[in-house]
Amino acid sequence: MALAQNGYSVIFDASRLKTYRIGDSRRTLDLRNDASGALIADFCGWYDANIEPIDGGIYDDWAHAVRKIVGSAWEYSNHSAANAVDLNATQHPLGLRWTFKAWQYAKLRWALRFRYRGCIRHGIDYHDRPDEMHAEIVAGLEKCAAALRRVRRREIRKRRAKLPKLYYGNLLVAVKQGQRNNRNVRLLQRALRSEGYKGIEVTGRWRPDDAEALKQFERKELKRPHPDGEPGPASVRALGRNRYRIRGLK
Ligand SMILES: [Zn+2]
């Protein structure tokens, strides 16, 4: 079995590749279908958001390609293992130094060390011949999987921290008193809408239509034979999943 420089098998067969989406963009790259491919794909998304956009205009981003290392007759480049990438190649030609600004070097090195824990090596750190478009996996599968888990956990925490807070006690008071334009009721109505109840208007006042939608939700999601349509703890929690953080709910 042919091995690339980083010890991963060379991929000749496209069925072992996976098409990864880069960050939130529509761009995709074909990389190895395992944790090492997922980790380098995550790096591309991070790069796009933090270093410079991976522009879609010019096609100068490369991932999988079976090829030998430049200047070597027999050693396969890590691109052959589909866990190496070249990003914005036309802006970072092979052999040139200082194609990035100082803050970009600092940020890249921070990420390589603390976000990717040494699993990824970047061409900015090549001594003999810099390759500032290039990044590659240099750790085994297990270490990559651990780094990937850490990165994902961190993303989830970050996303959760950005969610709006719903105050459960205030919500119940607002529902009971029929308050108008209440922020917590609005959050609940928005959550109902995103569950597919498109008839719900986000007014901030709890109305029979909302109770009816909540009843359907309780029947469908919580498997309740006799749903009451009142925003109780279980239904609010189920609706709040990934939509808001709930305060004051025991
Ligand atoms: Zn490369």
# chains A, B, ... in the order shown; residues from 1 in each chain; ligands from 1
$ residues_near_ligand --ligand "ligand 1" --cutoff "7 Å" --atoms "only C-alpha atoms and all ligand atoms" --output "VMD selection string"
chain A and resid 79 84 to 86 133 to 135
$ write_last_selection --atoms "C-alpha atoms" --output "PDB file, in the first residue's frame"
ATOM      1  CA  HIS A  79      -2.226  15.867  -1.075  1.00  0.00           C
ATOM      2  CA  ALA A  84      -3.553  18.542   2.754  1.00  0.00           C
ATOM      3  CA  VAL A  85      -4.831  21.742   1.149  1.00  0.00           C
ATOM      4  CA  ASP A  86      -3.558  24.704  -0.809  1.00  0.00           C
ATOM      5  CA  MET A 133      -0.630  28.292   0.482  1.00  0.00           C
ATOM      6  CA  HIS A 134      -0.187  24.851   2.000  1.00  0.00           C
ATOM      7  CA  ALA A 135      -1.458  23.142   5.160  1.00  0.00           C
TER       8      ALA A 135
END
$ select_by_dssp --residues "range 125-194 of chain A" --states "helix (DSSP H, G or I)" --output "number ranges by chain"
A: 125, 141-162, 168-177, 183-194
$ write_last_selection --atoms "C-alpha atoms" --output "JSON list (two decimals), in the first residue's frame"
[["chain", "number", "residue", "atom", "x", "y", "z"],
["A", 125, "ASP", "CA", 6.82, 27.08, 8.92],
["A", 141, "LEU", "CA", -5.95, 9.50, 13.26],
["A", 142, "GLU", "CA", -6.58, 9.26, 17.00],
["A", 143, "LYS", "CA", -4.92, 12.57, 17.78],
["A", 144, "CYS", "CA", -6.86, 14.20, 14.94],
["A", 145, "ALA", "CA", -10.13, 12.78, 16.26],
["A", 146, "ALA", "CA", -9.40, 14.15, 19.74],
["A", 147, "ALA", "CA", -8.55, 17.58, 18.32],
["A", 148, "LEU", "CA", -11.72, 17.52, 16.23],
["A", 149, "ARG", "CA", -13.87, 16.70, 19.25],
["A", 150, "ARG", "CA", -12.32, 19.60, 21.16],
["A", 151, "VAL", "CA", -12.87, 22.00, 18.28],
["A", 152, "ARG", "CA", -16.52, 20.94, 17.91],
["A", 153, "ARG", "CA", -17.18, 21.28, 21.64],
["A", 154, "ARG", "CA", -15.72, 24.76, 21.53],
["A", 155, "GLU", "CA", -17.94, 25.70, 18.56],
["A", 156, "ILE", "CA", -21.05, 24.46, 20.35],
["A", 157, "ARG", "CA", -20.15, 26.46, 23.47],
["A", 158, "LYS", "CA", -19.56, 29.55, 21.35],
["A", 159, "ARG", "CA", -22.86, 29.17, 19.52],
["A", 160, "ARG", "CA", -24.75, 28.60, 22.77],
["A", 161, "ALA", "CA", -23.20, 31.67, 24.35],
["A", 162, "LYS", "CA", -24.64, 33.76, 21.51],
["A", 168, "TYR", "CA", -39.09, 31.20, 32.19],
["A", 169, "GLY", "CA", -40.77, 32.85, 35.19],
["A", 170, "ASN", "CA", -41.44, 36.03, 33.22],
["A", 171, "LEU", "CA", -42.76, 33.99, 30.33],
["A", 172, "LEU", "CA", -45.37, 32.30, 32.52],
["A", 173, "VAL", "CA", -46.49, 35.62, 33.97],
["A", 174, "ALA", "CA", -46.75, 37.14, 30.49],
["A", 175, "VAL", "CA", -48.79, 34.20, 29.22],
["A", 176, "LYS", "CA", -51.12, 34.22, 32.22],
["A", 177, "GLN", "CA", -51.68, 37.98, 32.16],
["A", 183, "ARG", "CA", -39.78, 39.42, 24.75],
["A", 184, "ASN", "CA", -39.99, 35.90, 26.18],
["A", 185, "VAL", "CA", -43.24, 35.19, 24.37],
["A", 186, "ARG", "CA", -41.63, 36.42, 21.16],
["A", 187, "LEU", "CA", -38.78, 33.94, 21.62],
["A", 188, "LEU", "CA", -41.26, 31.12, 22.11],
["A", 189, "GLN", "CA", -43.23, 32.14, 19.02],
["A", 190, "ARG", "CA", -40.06, 32.30, 16.96],
["A", 191, "ALA", "CA", -39.15, 28.80, 18.12],
["A", 192, "LEU", "CA", -42.61, 27.54, 17.12],
["A", 193, "ARG", "CA", -42.20, 29.09, 13.68],
["A", 194, "SER", "CA", -38.87, 27.39, 13.18]]
$ residues_around --residues "Trp74 in chain A" --least-positions-apart "5" --cutoff "12 Å" --atoms "only C-alpha atoms" --output "VMD selection string"
chain A and resid 2 to 5 67 to 69
$ residues_around --residues "Asp128 in chain A" --least-positions-apart "4" --cutoff "12 Å" --atoms "only C-alpha atoms" --output "VMD selection string"
chain A and resid 94 to 97 123 to 124
$ residues_around --residues "range 110-114 of chain A" --least-positions-apart "4" --cutoff "12 Å" --atoms "only C-alpha atoms" --output "list in words"
Leu39, Ile40, Asp42, Phe43, Cys44, Trp46, Tyr47, Asn50, Ile51, Trp103, Gln104, Tyr105, Ala106, Gly118, Cys119, Ile120, Arg121, His122, Gly123, Ile124, Asp125, Ala135, Glu136, Ile137, Val138, Ala147, Arg150, Val151 and Arg154 of chain A
$ closest_residue --among "A:Leu29, A:Ala213, A:Leu239, A:Ile200" --to "Gly45 in chain A" --atoms "only C-alpha atoms"
A:Leu29
$ residues_around --residues "Glu212 in chain A" --least-positions-apart "5" --cutoff "12 Å" --atoms "only C-alpha atoms" --output "PyMOL selection string"
chain A and resi 189+192+197+199-200+206-207+217-219+227-231
$ atom_distance --atom1 "CA of Ser9 in chain A" --atom2 "CA of Ser80 in chain A"
8.1 Å
